[in-house]
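Written out below as structure tokens is the structure these notes cover.
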Amino acid sequence: MSFIRFLYLFCLLLPSLLHANSEDNYPIILEKKQTNPGKIYNLSRDGFIIIKNNWLDKTTTLSIFNSELQKKSLILNNTEIRDFYSKDTINAAIATSKRRAFLTRFDPHFSVEKLFLLDTNTDVNDNLKIQYSIFDKYIISKNNDLFYFDTKRKLKQTLTTKYIENSYLQIDSNKFYYLRSSENVTYLVENINHKYEKELLRIEPANRYSINIKNSKLIIECHYEGNSHILIYTKSLKLISEFWVDVIAEDYVIESIDNKNLGVYSISYSDDRYSVILSNFNSEVFQVYELPNYIISPLGIFYGKNDITVVFQNAIYNFDKSLNVNFYKPISITTSELNSKINIINHNDYFAYSTIDASIFTKSKNTFWQVYYYYNSFINFIIPLILLIIIVVIYFLYSKKKELNSTLLELSDNDFIFVFNKKGDLININKTAMKIIEIDSSVPLGRFFKYYCISEHTKELFEIFEKMRGLKESFQQKIHIYHNDELHEYICSAVTKRRVTGSVVGYLLSGTDITEELRQQKLNNFAQLAHDMQTNLSTLKLNAEELETNSEASEDKKNKIIKQINILNQKVRDIVTVGRSSSVHKAKHNAKSLIAEVIEEFDFEFYPNVTFVDESNDFELYVDKQKLSRAIRNATENSLKSMKDNDSGRLVLRAHKNTKYAYFEVQDNGRGMSKEVKENMLKPYFTSAGGTGLGTMIMRNAIEQHGGEIIVESQEGKGTKISFKIPLS
């Protein structure tokens, strides 16, 4: 037991010994500086600002940090900041108070410099955003409204009321592009000097869009639920490339990998782990970085000037353009934060990100990171080696105790095994045995076997268990068990396991399913009988053909006799086939002709109360005509039997297809099937009419050999429809 305790403690300590992805392994180390409530925004000059709207006391806190992470705070009363904009010397925000929206400009010390009224009817859910600013001129969006605002002239001009959110793109100081929705059609629109507009392109409908310019190329991204369609144009709006990205919009970015070429940085998931991939527009992969399998839930991928940052729920990775790791930091983003937009700032001296709260880290160079990397790689090699040695030791220490269970590994899925201790308590079991006694893995073992043998069909199983414990000797015996909705026959082996001293250690009860072997043997017997009958049928046919007739009626009866002998002979061949052959010889046949030939086999004079209807379509398919015809004929015969007491019987045979399957249907208005007959009719040898059930088995074998299935629809008193569904390819 002391060895087991050691192994347990070792496994507990193992995670702390593995450092393959620790922070020490990379060139930069992040150290947590502080956490501030609020959303983070970059400032055009060094530093950043954290904005926290306090809903309870209706104030907003501004925390302004310089490049040395020195902080000063401001509080704005009765104010909520919806968006913040910083460029060159401009620091501005959109603030709301009492349903009014204001454009707020700050001076260099972040005191409020000026307020400009934008809107007097602003709802709490309105999305307000500063898109662009130069001097006193601003482009601002409110939901689907895009307007121009001149603070000097106090001019507000609506550009469009059909603006698609997040689709604004500034081209130069006098021109910008945006996407506009008009009557369910999306256009790329050019605006010059806030006055003149022109529709440049018609864009395909999508859930949302992004537009950007990279390497002098216009990129339009059409985002759908699980993928995006990317369109790349020259400056003259000539389409030069288009492709699909099979990840959501937040999990990829398109950026320049050099001065000429663009690449796709994306997060991929396969083999239970995430990877960051750099590829081109033809899905040619340049670089792959596989992340450890404990990394979960990607939240976004962000591109900096020369780096890529990928944020997961429990980690942040930062890469250079070639996907070499700059730094790695374990984090913990709670479930309540997952719906918040993530903002990041990656500065030479610090790194910060925000969801509901902002986390700020300082950066330091890791001089000996390569030493740590190779040391941890060595540890990762040594630990598995130690574990391997421990496993080998455990194997030899406990090999004798595992002897009782070794038989379990040798049994097939169709065999059952129960392992008992010397008291008769069930201590081990395989999946087939679980199904037989109708338990699952949630039921605890360790109780006396009688506790598990509740169902009636386990009675014989418990009797052989009691016999095994009474005799304390090994023996074999046949038993019958109802399993998988069928009665199965098993050869049971009862084994009493003993120590070298002769004392009983436990018992092992196993069973081999011989149902299929008996079934095949029965089929072979049918096949042999059918083979012998072929000689008699040949003699009958020969004599019938030699009969002389002296009238047209006699000749007609003679032909009917020969026809029925041929049909019977074919049935005999079917029995031989089902017993001895599983091969299918497919050839091209016409479905309508096949149905017609089946109908032609029946003598309508024998069924004066039944109307035969052919509703088959004309199409070609590859099947084994002999086997399929027999299946349809057997279904037809069953329908005719069900309508023998029906004065106005109607038998419909159909053949039709779709793009994947062909369907052959036999439908009657006979007596239908009871629920029990319907559930059991396709089981081997089942019959509701006192026969052998062989006809149904021939039908089932023929369809299964075509890779198809049989669909039974029946309602007692109303009729039955048997459908054969066969793949076209």
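Following the order of the structure tokens, chains are lettered A, B, ..., residues in each are numbered from 1, and ligands are numbered from 1.
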
Query raised in the report: Within 9 Å of A:Ile28, counting only C-alpha atoms, which residues qualify if same-chain residues fewer than 4 places away don't, as number ranges by chain?
Result: A: 23-24, 326-328, 363-367, 369

**Report entry** strand (DSSP E) per DSSP on the backbone: members of stretch 173-306 of chain A, as a ChimeraX atom specification
**Finding:** /A:175-182,185-192,196-203,208-214,217-223,228-233,239-245,252-256,262-270,273-279,285-290,298-303

Need to verify the contact set: A:Thr79, 12 Å, only C-alpha atoms, exclusion of same-chain residues closer than 3 positions in sequence. Can you return it as an mmCIF file with C-alpha atoms, in the first residue's frame?
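Written output follows (around-v9.cif):
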```
data_model
loop_
_atom_site.group_PDB
_atom_site.id
_atom_site.type_symbol
_atom_site.label_atom_id
_atom_site.label_comp_id
_atom_site.auth_asym_id
_atom_site.auth_seq_id
_atom_site.Cartn_x
_atom_site.Cartn_y
_atom_site.Cartn_z
ATOM 1 C CA ILE A 51 -13.237 54.348 -18.502
ATOM 2 C CA LYS A 52 -15.666 52.953 -15.949
ATOM 3 C CA ASN A 53 -19.354 53.897 -16.028
ATOM 4 C CA ASN A 54 -20.813 53.580 -12.544
ATOM 5 C CA TRP A 55 -24.495 52.810 -12.990
ATOM 6 C CA LEU A 56 -25.547 53.169 -9.352
ATOM 7 C CA ASP A 57 -24.269 56.674 -8.612
ATOM 8 C CA LYS A 58 -24.503 57.842 -12.277
ATOM 9 C CA THR A 59 -20.852 58.862 -12.505
ATOM 10 C CA THR A 60 -17.994 57.957 -14.823
ATOM 11 C CA THR A 61 -14.433 57.440 -13.626
ATOM 12 C CA LEU A 62 -11.544 58.204 -15.991
ATOM 13 C CA ILE A 75 -14.846 61.727 -12.032
ATOM 14 C CA LEU A 76 -17.640 63.019 -14.271
ATOM 15 C CA ARG A 82 -20.343 55.581 -24.758
ATOM 16 C CA ALA A 93 -15.689 61.118 -26.254
ATOM 17 C CA ILE A 94 -19.393 60.678 -26.739
ATOM 18 C CA ALA A 95 -21.116 61.134 -23.389
ATOM 19 C CA THR A 96 -24.790 60.822 -22.514
ATOM 20 C CA SER A 97 -26.772 62.434 -19.727
ATOM 21 C CA LYS A 98 -30.537 62.426 -19.253
ATOM 22 C CA ARG A 99 -31.120 60.926 -22.725
ATOM 23 C CA ARG A 100 -29.027 63.630 -24.389
ATOM 24 C CA ALA A 101 -25.810 62.830 -26.243
ATOM 25 C CA PHE A 102 -22.824 65.187 -26.200
ATOM 26 C CA LEU A 103 -19.547 65.323 -28.069
ATOM 27 C CA THR A 104 -17.017 65.967 -25.284
#
```

Report task. Identify, on the basis of only C-alpha atoms, every residue whose closest approach to stretch 187-204 of chain A does not exceed 6 Å; exclude the query and any residue fewer than 4 positions from it along the same chain; express the result as a ChimeraX atom specification. Result -> /A:174-180

Report task. Would you please work out which residue, of A:Leu30, A:Ile514, A:Leu117, A:Cys222, is nearest to A:His347 when using only C-alpha atoms? Result ->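 Residue with the minimum atom-to-atom distance to A:His347: A:Leu30.
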
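Take the candidates A:Ser583, A:Asn78, A:Asn550, A:Asn125 and check each one against A:Val623 using only C-alpha atoms; the shortest distance goes to A:Ser583.
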
Query raised in the report: Can you tell me how far atom CA of A:Leu653 sits from atom CA of A:Ile595, in Å to one decimal?
Result: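 Atom CA of A:Leu653 sits 7.1 Å away from atom CA of A:Ile595.
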
**Report entry** Residues near A:Ile632, cut-off 12 Å, only C-alpha atoms, skip fewer than 3 positions along chain, as a PyMOL selection string
**Finding:** chain A and resi 591+594-599+601+625-629+635-639+652-655+663-667+695-696+698-700+702-703+710+721-725

Just the selected residues (N, CA and C atoms), exported as a CSV table (one decimal), in the first residue's frame, please.
```csv
chain,number,residue,atom,x,y,z
A,591,ALA,N,-35.9,0.5,-63.6
A,591,ALA,CA,-36.8,0.3,-62.4
A,591,ALA,C,-38.2,-0.1,-62.8
A,594,LEU,N,-38.5,-3.6,-64.1
A,594,LEU,CA,-38.3,-4.5,-63.0
A,594,LEU,C,-39.6,-4.7,-62.3
A,595,ILE,N,-40.3,-3.6,-62.0
A,595,ILE,CA,-41.7,-3.7,-61.3
A,595,ILE,C,-42.7,-4.5,-62.2
A,596,ALA,N,-42.6,-4.2,-63.5
A,596,ALA,CA,-43.5,-4.8,-64.5
A,596,ALA,C,-43.3,-6.3,-64.5
A,597,GLU,N,-42.1,-6.8,-64.5
A,597,GLU,CA,-41.8,-8.2,-64.5
A,597,GLU,C,-42.2,-8.9,-63.2
A,598,VAL,N,-42.1,-8.2,-62.1
A,598,VAL,CA,-42.6,-8.8,-60.8
A,598,VAL,C,-44.1,-9.0,-60.9
A,599,ILE,N,-44.8,-7.9,-61.4
A,599,ILE,CA,-46.3,-8.0,-61.5
A,599,ILE,C,-46.7,-9.2,-62.4
A,601,GLU,N,-45.4,-11.9,-62.9
A,601,GLU,CA,-45.2,-13.3,-62.4
A,601,GLU,C,-46.5,-13.8,-61.7
A,625,LYS,N,-30.5,-7.7,-60.0
A,625,LYS,CA,-31.9,-7.8,-60.4
A,625,LYS,C,-32.6,-9.0,-59.8
A,626,GLN,N,-31.9,-10.1,-59.8
A,626,GLN,CA,-32.5,-11.4,-59.2
A,626,GLN,C,-32.9,-11.2,-57.8
A,627,LYS,N,-31.9,-10.7,-57.0
A,627,LYS,CA,-32.2,-10.5,-55.5
A,627,LYS,C,-33.2,-9.5,-55.2
A,628,LEU,N,-33.2,-8.3,-55.9
A,628,LEU,CA,-34.1,-7.3,-55.7
A,628,LEU,C,-35.5,-7.7,-56.1
A,629,SER,N,-35.6,-8.4,-57.2
A,629,SER,CA,-37.0,-8.9,-57.7
A,629,SER,C,-37.6,-9.8,-56.7
A,635,ALA,N,-42.5,-9.4,-50.7
A,635,ALA,CA,-43.3,-8.3,-50.1
A,635,ALA,C,-44.7,-8.3,-50.7
A,636,THR,N,-44.7,-8.6,-52.0
A,636,THR,CA,-46.0,-8.6,-52.7
A,636,THR,C,-46.9,-9.8,-52.3
A,637,GLU,N,-46.2,-11.0,-52.1
A,637,GLU,CA,-46.9,-12.1,-51.6
A,637,GLU,C,-47.5,-11.9,-50.2
A,638,ASN,N,-46.7,-11.3,-49.4
A,638,ASN,CA,-47.2,-11.0,-48.0
A,638,ASN,C,-48.5,-10.1,-48.1
A,639,SER,N,-48.4,-9.1,-49.0
A,639,SER,CA,-49.6,-8.2,-49.1
A,639,SER,C,-50.8,-8.9,-49.6
A,652,VAL,N,-50.5,-1.7,-54.7
A,652,VAL,CA,-49.8,-0.7,-55.4
A,652,VAL,C,-48.3,-0.9,-55.3
A,653,LEU,N,-47.6,-1.0,-56.5
A,653,LEU,CA,-46.2,-1.1,-56.5
A,653,LEU,C,-45.6,0.1,-57.1
A,654,ARG,N,-44.6,0.7,-56.5
A,654,ARG,CA,-44.0,2.0,-56.9
A,654,ARG,C,-42.5,1.8,-57.0
A,655,ALA,N,-41.9,2.7,-57.8
A,655,ALA,CA,-40.5,2.9,-57.9
A,655,ALA,C,-40.2,4.4,-58.2
A,663,TYR,N,-36.3,4.2,-54.2
A,663,TYR,CA,-37.3,3.6,-53.3
A,663,TYR,C,-38.2,2.6,-54.1
A,664,PHE,N,-38.3,1.4,-53.7
A,664,PHE,CA,-39.3,0.4,-54.2
A,664,PHE,C,-40.3,0.2,-53.1
A,665,GLU,N,-41.6,0.4,-53.4
A,665,GLU,CA,-42.6,0.3,-52.4
A,665,GLU,C,-43.7,-0.7,-52.8
A,666,VAL,N,-44.2,-1.4,-51.8
A,666,VAL,CA,-45.3,-2.3,-52.0
A,666,VAL,C,-46.4,-2.0,-50.9
A,667,GLN,N,-47.5,-1.5,-51.4
A,667,GLN,CA,-48.6,-1.0,-50.5
A,667,GLN,C,-49.9,-1.7,-50.7
A,695,GLY,N,-39.1,-16.2,-46.0
A,695,GLY,CA,-39.4,-15.2,-47.1
A,695,GLY,C,-39.0,-13.8,-46.6
A,696,THR,N,-39.3,-13.5,-45.4
A,696,THR,CA,-38.9,-12.2,-44.9
A,696,THR,C,-37.4,-12.1,-44.7
A,698,ILE,N,-35.1,-13.7,-46.6
A,698,ILE,CA,-34.6,-13.5,-48.0
A,698,ILE,C,-34.7,-12.0,-48.4
A,699,MET,N,-35.9,-11.5,-48.1
A,699,MET,CA,-36.1,-10.0,-48.4
A,699,MET,C,-35.1,-9.2,-47.6
A,700,ARG,N,-34.9,-9.4,-46.4
A,700,ARG,CA,-34.0,-8.6,-45.6
A,700,ARG,C,-32.5,-8.7,-46.1
A,702,ALA,N,-31.5,-9.6,-49.1
A,702,ALA,CA,-31.3,-9.0,-50.4
A,702,ALA,C,-31.1,-7.5,-50.3
A,703,ILE,N,-31.9,-6.8,-49.4
A,703,ILE,CA,-31.8,-5.3,-49.3
A,703,ILE,C,-30.5,-5.0,-48.5
A,710,ILE,N,-35.0,-1.5,-44.9
A,710,ILE,CA,-36.4,-1.8,-45.1
A,710,ILE,C,-37.2,-0.9,-44.2
A,721,LYS,N,-47.4,-0.6,-45.8
A,721,LYS,CA,-46.5,-0.2,-46.9
A,721,LYS,C,-45.1,-0.7,-46.5
A,722,ILE,N,-44.5,-1.5,-47.4
A,722,ILE,CA,-43.1,-1.9,-47.2
A,722,ILE,C,-42.2,-1.1,-48.2
A,723,SER,N,-41.2,-0.4,-47.8
A,723,SER,CA,-40.4,0.4,-48.6
A,723,SER,C,-39.0,-0.1,-48.6
A,724,PHE,N,-38.4,-0.3,-49.8
A,724,PHE,CA,-36.9,-0.7,-49.9
A,724,PHE,C,-36.2,0.5,-50.3
A,725,LYS,N,-35.3,1.0,-49.4
A,725,LYS,CA,-34.5,2.2,-49.6
A,725,LYS,C,-33.1,1.8,-50.0
```

Query raised in the report: A:Ser181: which residues within 9 Å, counting only C-alpha atoms, same-chain residues fewer than 5 positions away excluded, as number ranges by chain?
Result: A: 162-164, 186-187

Requested in this report: Choose the residue, out of A:Thr501, A:Asn77, A:Thr35, A:Thr496, that has the smallest atom-to-atom separation from A:Gly470; count only C-alpha atoms.
Outcome: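 With only C-alpha atoms as the atom set, the closest residue is A:Thr496.
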
Query raised in the report: A:Ile90: which residues within 12 Å, counting only C-alpha atoms, same-chain residues fewer than 4 positions away excluded, as a PyMOL selection string?
Result: chain A and resi 43-45+84-86+104-110+113+130+132-138

Report task. Check stretch 259-390 of chain A with DSSP on the backbone and list each residue it calls helix (DSSP H, G or I), as an MDAnalysis selection string. Result -> chainID A and resid 335:337 369:390

Query raised in the report: In Å, how far is it from atom CA of A:Pro298 to atom CA of A:Lys87?
Result: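 Atom-to-atom, atom CA of A:Pro298 to atom CA of A:Lys87, that is 29.9 Å.
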